[in-house]
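The structure file start08.pdb is reproduced below (PDB, C-alpha atoms).
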MODEL        1
ATOM      1  CA  MET H   1     170.213  54.477  84.412
ATOM      2  CA  LYS H   2     166.607  53.292  84.918
ATOM      3  CA  PRO H   3     166.625  53.691  88.725
ATOM      4  CA  LEU H   4     168.108  57.187  88.298
ATOM      5  CA  ARG H   5     165.372  58.180  85.814
ATOM      6  CA  GLN H   6     162.661  56.735  88.073
ATOM      7  CA  PHE H   7     164.051  58.686  91.024
ATOM      8  CA  GLY H   8     164.100  61.907  88.967
ATOM      9  CA  ALA H   9     160.494  61.408  87.844
ATOM     10  CA  ALA H  10     159.383  60.743  91.430
ATOM     11  CA  LEU H  11     161.205  63.864  92.645
ATOM     12  CA  LEU H  12     159.563  65.989  89.928
ATOM     13  CA  GLY H  13     156.110  64.606  90.808
ATOM     14  CA  CYS H  14     156.669  65.366  94.500
ATOM     15  CA  THR H  15     157.766  68.941  93.695
ATOM     16  CA  MET H  16     154.668  69.544  91.540
ATOM     17  CA  THR H  17     152.398  68.132  94.270
ATOM     18  CA  LEU H  18     153.962  70.391  96.917
ATOM     19  CA  GLY H  19     153.575  73.412  94.609
ATOM     20  CA  ALA H  20     149.899  72.669  94.010
ATOM     21  CA  TRP H  21     149.330  72.198  97.744
ATOM     22  CA  ALA H  22     151.002  75.533  98.554
ATOM     23  CA  GLN H  23     148.939  77.326  95.897
ATOM     24  CA  SER H  24     145.722  75.756  97.230
ATOM     25  CA  ALA H  25     146.583  76.731 100.807
ATOM     26  CA  THR H  26     147.324  80.321  99.774
ATOM     27  CA  ALA H  27     144.007  80.573  97.891
ATOM     28  CA  ALA H  28     142.105  79.170 100.875
ATOM     29  CA  LYS H  29     143.800  81.702 103.165
ATOM     30  CA  ASP H  30     142.914  84.565 100.806
ATOM     31  CA  ASN H  31     139.281  83.412 100.575
ATOM     32  CA  SER H  32     139.072  83.156 104.358
ATOM     33  CA  ALA H  33     140.449  86.688 104.749
ATOM     34  CA  THR H  34     137.928  88.030 102.229
ATOM     35  CA  THR H  35     135.038  86.329 104.029
ATOM     36  CA  THR H  36     136.173  87.706 107.384
ATOM     37  CA  ALA H  37     136.496  91.228 105.953
ATOM     38  CA  ASN H  38     132.873  91.131 104.744
ATOM     39  CA  GLN H  39     131.519  90.158 108.138
ATOM     40  CA  PRO H  40     130.506  92.816 110.677
ATOM     41  CA  SER H  41     133.196  93.257 113.308
ATOM     42  CA  SER H  42     131.043  94.267 116.254
ATOM     43  CA  VAL H  43     127.269  94.256 116.200
ATOM     44  CA  ASP H  44     125.507  95.099 119.464
ATOM     45  CA  ASN H  45     122.576  92.677 119.542
ATOM     46  CA  SER H  46     120.699  94.898 121.974
ATOM     47  CA  THR H  47     120.886  98.136 119.977
ATOM     48  CA  TYR H  48     121.510  97.333 116.296
ATOM     49  CA  VAL H  49     118.306  97.663 114.287
ATOM     50  CA  ILE H  50     117.912  95.046 111.561
ATOM     51  CA  GLY H  51     117.237  96.457 108.101
ATOM     52  CA  ARG H  52     116.162  95.213 104.693
ATOM     53  CA  GLU H  53     118.795  93.152 102.846
ATOM     54  CA  ASP H  54     120.701  92.348 106.053
ATOM     55  CA  SER H  55     121.779  88.723 106.349
ATOM     56  CA  LEU H  56     120.847  86.881 109.563
ATOM     57  CA  HIS H  57     121.813  83.576 111.132
ATOM     58  CA  VAL H  58     118.915  82.207 113.160
ATOM     59  CA  ALA H  59     119.906  79.320 115.439
ATOM     60  CA  VAL H  60     117.463  77.239 117.483
ATOM     61  CA  TRP H  61     119.226  75.175 120.145
ATOM     62  CA  LYS H  62     119.014  71.420 119.503
ATOM     63  CA  GLU H  63     116.816  72.050 116.443
ATOM     64  CA  PRO H  64     119.172  72.000 113.419
ATOM     65  CA  GLU H  65     116.281  71.783 110.944
ATOM     66  CA  LEU H  66     115.041  75.150 112.221
ATOM     67  CA  THR H  67     118.480  76.787 112.051
ATOM     68  CA  ALA H  68     119.251  78.832 108.937
ATOM     69  CA  THR H  69     121.187  81.749 107.470
ATOM     70  CA  LEU H  70     118.891  83.912 105.385
ATOM     71  CA  PRO H  71     118.403  87.450 104.032
ATOM     72  CA  VAL H  72     115.862  90.004 105.165
ATOM     73  CA  ARG H  73     113.530  90.509 102.206
ATOM     74  CA  PRO H  74     112.625  93.943 100.766
ATOM     75  CA  ASP H  75     109.331  93.732 102.689
ATOM     76  CA  GLY H  76     111.272  93.400 105.953
ATOM     77  CA  MET H  77     110.320  89.759 106.510
ATOM     78  CA  ILE H  78     112.279  86.520 106.797
ATOM     79  CA  SER H  79     110.976  83.036 106.029
ATOM     80  CA  LEU H  80     111.454  80.301 108.609
ATOM     81  CA  PRO H  81     110.368  76.649 108.769
ATOM     82  CA  LEU H  82     107.073  76.187 110.639
ATOM     83  CA  LEU H  83     106.579  79.939 111.052
ATOM     84  CA  ASN H  84     106.623  81.082 107.423
ATOM     85  CA  ASP H  85     106.981  84.900 107.339
ATOM     86  CA  VAL H  86     108.353  86.690 110.402
ATOM     87  CA  GLN H  87     108.893  90.459 110.709
ATOM     88  CA  ALA H  88     112.608  91.198 111.129
ATOM     89  CA  ALA H  89     113.280  94.752 109.895
ATOM     90  CA  GLY H  90     112.906  97.352 112.627
ATOM     91  CA  LEU H  91     113.803  94.929 115.431
ATOM     92  CA  THR H  92     117.087  94.338 117.226
ATOM     93  CA  PRO H  93     118.553  90.810 117.038
ATOM     94  CA  MET H  94     117.513  90.239 120.662
ATOM     95  CA  GLN H  95     113.947  91.361 119.969
ATOM     96  CA  LEU H  96     113.722  89.151 116.889
ATOM     97  CA  ALA H  97     115.081  86.157 118.837
ATOM     98  CA  ALA H  98     112.413  86.711 121.516
ATOM     99  CA  SER H  99     109.695  87.015 118.860
ATOM    100  CA  ILE H 100     110.758  83.794 117.104
ATOM    101  CA  SER H 101     111.062  81.972 120.416
ATOM    102  CA  ASP H 102     107.541  83.000 121.402
ATOM    103  CA  LYS H 103     106.100  81.826 118.062
ATOM    104  CA  LEU H 104     107.959  78.493 118.226
ATOM    105  CA  LYS H 105     106.422  77.569 121.573
ATOM    106  CA  LYS H 106     103.479  76.086 119.661
ATOM    107  CA  TYR H 107     105.823  73.553 118.061
ATOM    108  CA  VAL H 108     108.950  73.252 120.257
ATOM    109  CA  SER H 109     109.297  72.781 123.996
ATOM    110  CA  ASP H 110     111.290  75.625 125.587
ATOM    111  CA  PRO H 111     112.816  76.992 122.332
ATOM    112  CA  ARG H 112     116.108  78.858 122.734
ATOM    113  CA  VAL H 113     116.774  81.148 119.811
ATOM    114  CA  THR H 114     119.849  83.167 118.884
ATOM    115  CA  VAL H 115     119.928  85.718 116.062
ATOM    116  CA  VAL H 116     123.257  86.942 114.679
ATOM    117  CA  VAL H 117     123.692  89.606 111.988
ATOM    118  CA  THR H 118     126.155  88.147 109.478
ATOM    119  CA  ALA H 119     126.069  91.014 106.941
ATOM    120  CA  MET H 120     124.856  94.577 107.448
ATOM    121  CA  ASN H 121     123.757  95.226 103.884
ATOM    122  CA  SER H 122     121.135  97.773 104.955
ATOM    123  CA  GLN H 123     123.770 100.032 106.513
ATOM    124  CA  ARG H 124     125.581 101.886 103.734
ATOM    125  CA  ILE H 125     127.519 105.045 103.039
ATOM    126  CA  TYR H 126     128.332 106.547  99.652
ATOM    127  CA  MET H 127     131.583 107.727  98.061
ATOM    128  CA  LEU H 128     131.627 110.389  95.334
ATOM    129  CA  GLY H 129     134.240 112.344  93.402
ATOM    130  CA  GLU H 130     137.947 111.682  93.050
ATOM    131  CA  VAL H 131     138.084 108.253  94.687
ATOM    132  CA  THR H 132     139.115 104.938  93.194
ATOM    133  CA  HIS H 133     135.928 103.156  94.293
ATOM    134  CA  THR H 134     132.780 105.258  93.974
ATOM    135  CA  GLY H 135     129.256 104.305  94.986
ATOM    136  CA  ALA H 136     127.783 102.475  97.960
ATOM    137  CA  MET H 137     130.005 100.966 100.636
ATOM    138  CA  PRO H 138     128.946  98.728 103.548
ATOM    139  CA  LEU H 139     129.062 100.583 106.847
ATOM    140  CA  ILE H 140     130.839  98.550 109.501
ATOM    141  CA  PRO H 141     130.372  99.397 113.197
ATOM    142  CA  ASN H 142     132.187 102.525 114.361
ATOM    143  CA  MET H 143     133.628 103.241 110.896
ATOM    144  CA  THR H 144     135.231 106.690 110.691
ATOM    145  CA  VAL H 145     135.720 109.036 107.738
ATOM    146  CA  LEU H 146     139.423 108.154 107.562
ATOM    147  CA  GLN H 147     138.675 104.429 107.457
ATOM    148  CA  ALA H 148     136.131 104.880 104.657
ATOM    149  CA  LEU H 149     138.609 106.942 102.634
ATOM    150  CA  ALA H 150     141.289 104.285 103.173
ATOM    151  CA  SER H 151     138.925 101.714 101.635
ATOM    152  CA  ALA H 152     137.875 103.948  98.740
ATOM    153  CA  GLY H 153     141.324 105.297  97.792
ATOM    154  CA  PHE H 154     142.112 108.592  96.044
ATOM    155  CA  THR H 155     142.743 109.409  92.406
ATOM    156  CA  GLN H 156     145.742 111.563  91.508
ATOM    157  CA  PHE H 157     143.442 114.581  91.133
ATOM    158  CA  ALA H 158     141.872 114.410  94.610
ATOM    159  CA  ASN H 159     141.745 117.625  96.627
ATOM    160  CA  THR H 160     142.300 116.010 100.016
ATOM    161  CA  LYS H 161     141.990 119.337 101.847
ATOM    162  CA  GLY H 162     138.489 119.994 100.535
ATOM    163  CA  ILE H 163     136.720 116.741 101.418
ATOM    164  CA  TYR H 164     133.278 117.003 103.023
ATOM    165  CA  ILE H 165     130.534 114.748 104.341
ATOM    166  CA  LEU H 166     126.881 115.263 103.452
ATOM    167  CA  ARG H 167     124.570 114.103 106.249
ATOM    168  CA  THR H 168     120.795 114.381 106.471
ATOM    169  CA  GLU H 169     119.328 114.693 109.956
ATOM    170  CA  ASN H 170     115.771 115.702 110.849
ATOM    171  CA  GLY H 171     115.092 116.438 107.190
ATOM    172  CA  LYS H 172     117.986 118.909 106.901
ATOM    173  CA  GLN H 173     121.265 118.295 105.078
ATOM    174  CA  GLN H 174     124.543 119.176 106.755
ATOM    175  CA  LYS H 175     127.911 119.749 105.085
ATOM    176  CA  ILE H 176     130.725 118.606 107.385
ATOM    177  CA  PRO H 177     134.272 119.530 106.316
ATOM    178  CA  PHE H 178     137.141 117.039 106.500
ATOM    179  CA  ASN H 179     140.787 117.980 105.897
ATOM    180  CA  TYR H 180     142.609 114.733 105.187
ATOM    181  CA  LYS H 181     146.048 116.381 105.307
ATOM    182  CA  GLN H 182     145.446 117.639 108.836
ATOM    183  CA  VAL H 183     143.939 114.442 110.180
ATOM    184  CA  ILE H 184     146.756 112.149 108.996
ATOM    185  CA  LYS H 185     149.183 114.504 110.780
ATOM    186  CA  GLY H 186     147.215 114.048 113.996
ATOM    187  CA  GLU H 187     145.730 117.532 113.825
ATOM    188  CA  SER H 188     142.025 118.428 114.117
ATOM    189  CA  MET H 189     141.160 114.829 114.976
ATOM    190  CA  GLU H 190     137.618 115.889 115.855
ATOM    191  CA  GLN H 191     136.989 115.954 112.090
ATOM    192  CA  ASN H 192     137.413 112.165 111.947
ATOM    193  CA  ILE H 193     133.818 111.527 112.994
ATOM    194  CA  PRO H 194     132.034 108.154 113.122
ATOM    195  CA  LEU H 195     129.889 107.722 110.023
ATOM    196  CA  LYS H 196     126.149 107.150 110.017
ATOM    197  CA  PRO H 197     123.985 105.200 107.553
ATOM    198  CA  GLY H 198     123.294 107.283 104.472
ATOM    199  CA  ASP H 199     126.305 109.599 104.831
ATOM    200  CA  THR H 200     127.915 110.679 101.558
ATOM    201  CA  ILE H 201     131.628 111.474 101.425
ATOM    202  CA  VAL H 202     132.575 113.838  98.596
ATOM    203  CA  VAL H 203     136.194 114.146  97.452
ATOM    204  CA  PRO H 204     136.470 117.107  95.024
TER
ENDMDL
END
Write the structure described by the file as structure tokens, please.
Amino acid sequence: MKPLRQFGAALLGCTMTLGAWAQSATAAKDNSATTTANQPSSVDNSTYVIGREDSLHVAVWKEPELTATLPVRPDGMISLPLLNDVQAAGLTPMQLAASISDKLKKYVSDPRVTVVVTAMNSQRIYMLGEVTHTGAMPLIPNMTVLQALASAGFTQFANTKGIYILRTENGKQQKIPFNYKQVIKGESMEQNIPLKPGDTIVVP
């Protein structure tokens, strides 16, 4: 009977170990998916303008001690080894890389700098009304009204025919209508416009 009991105990231990491993793998997969979802999908380094609270990865080739991932401060600056404060807000990633490279020439021979935007926290839109998630929402590149609504979700009281977008341009506020019912049927697709920073979507 002893060998049989020992075999049963070993089998139980193996089953528990496999279960824990599967649970750990699933959690790691979920965490990876969440991280990927929070990252910008397509930032044009030549046109995207860095803003306050954005997160940047600054890499200096063959200089790991000068490579860092860091936020843009409220004053628009970032802090780097050797250089201290460097203006980042208002520049494109390519312009910032050129600026850092120029400043590093005092300390590094032929510095090669790459700047990547890892989180566009300065680019936001706002959701109001009968949506599940109200408030600020990160604006990812080329996000449309339909995509934003898919992320926010509707309450049971939402008037999906009366949705509108409030947009301020040149100091004037526009009210842009959006009929969700039509758009999901493939009608009036011109209403599904790309969103801009600061847009507010109202679901009555």
> Near region 92-107 of chain H, within 9 Å and counting all atoms listed in the file, which residues show up once chain neighbours fewer than 6 positions away are dropped, as a ChimeraX atom specification?
Replying inline: /H:44-50,56,58,60,82-83,86,113-117
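Between CA of Pro197 (chain H) and CA of Thr118 (chain H) the separation is 17.3 Å.
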Determine the residue set returned by the PyMOL selection byres ((chain H and resi 165) around 8) for the present structure, and present it as a short mmCIF file (atom, residue, chain, number, x, y, z; two decimals) with C-alpha atoms, in the coordinates of the input.
data_model
loop_
_atom_site.label_atom_id
_atom_site.label_comp_id
_atom_site.auth_asym_id
_atom_site.auth_seq_id
_atom_site.Cartn_x
_atom_site.Cartn_y
_atom_site.Cartn_z
CA ILE H 163 136.72 116.74 101.42
CA TYR H 164 133.28 117.00 103.02
CA LEU H 166 126.88 115.26 103.45
CA ARG H 167 124.57 114.10 106.25
CA GLN H 174 124.54 119.18 106.76
CA LYS H 175 127.91 119.75 105.08
CA ILE H 176 130.72 118.61 107.38
CA PRO H 177 134.27 119.53 106.32
CA PHE H 178 137.14 117.04 106.50
CA ASP H 199 126.30 109.60 104.83
CA THR H 200 127.92 110.68 101.56
CA ILE H 201 131.63 111.47 101.42
CA VAL H 202 132.57 113.84 98.60
#
> Smallest atom-to-atom distance to Ala136 (chain H): which of H:Gly198, H:Asn179, H:Arg73, H:Glu169, using only C-alpha atoms?
Replying inline: H:Gly198
Kindly list the centre and edge lengths in Å, rounded to one decimal, for the axis-aligned box that covers all listed atoms of region 74-86 of chain H plus 3 Å on each of its six sides, as AutoDock Vina command-line options.
--center_x 109.6 --center_y 85.1 --center_z 105.9 --size_x 12.0 --size_y 23.8 --size_z 16.3
> So how many Å separate CA of Tyr180 (chain H) and CA of Thr134 (chain H), to one decimal?
Replying inline: 17.7 Å
> Could you spell out the hits of the PyMOL selection byres ((chain H and resi 74) around 12) on the shown file, as an MDAnalysis selection string?
Replying inline: chainID H and resid 51:55 71:73 75:78 87:89 121:122
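Residues matched by the PyMOL selection byres ((chain H and resi 182) around 12) in this file are Leu146, Thr160, Lys161, Gly162, Ile163, Pro177, Phe178, Asn179, Tyr180, Lys181, Val183, Ile184, Lys185, Gly186, Glu187, Ser188, Met189, Glu190, Gln191 and Asn192 of chain H.
The closest residue to Ala150 (chain H), picked from H:Leu70, H:Glu63, H:Met127, H:Met120 and counting all atoms listed in the file, is H:Met127.
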>> My list of candidates is H:Thr69, H:Gln123, H:Thr132, H:Asn84. Which is closest to Gln156 (chain H) when distances are computed with only C-alpha atoms?
In response: H:Thr132
> In Å, with one decimal, what is the gap from CA of Glu130 (chain H) to CA of Leu149 (chain H)?
Replying inline: 10.7 Å
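With only C-alpha atoms as the atoms that count, the minimum distance from Thr67 (chain H) to the choices H:Pro194, H:Arg124, H:Arg112, H:Leu91 is reached by H:Arg112.
Distance check against Leu195 (chain H) using all atoms listed in the file: of H:Asn170, H:Thr155, H:Asn142, H:Ser109, the minimum falls on H:Asn142.
Nearest residue to Met137 (chain H), choosing from H:Ala68, H:Gly90, H:Pro204, H:Lys196 and counting only C-alpha atoms: H:Lys196.
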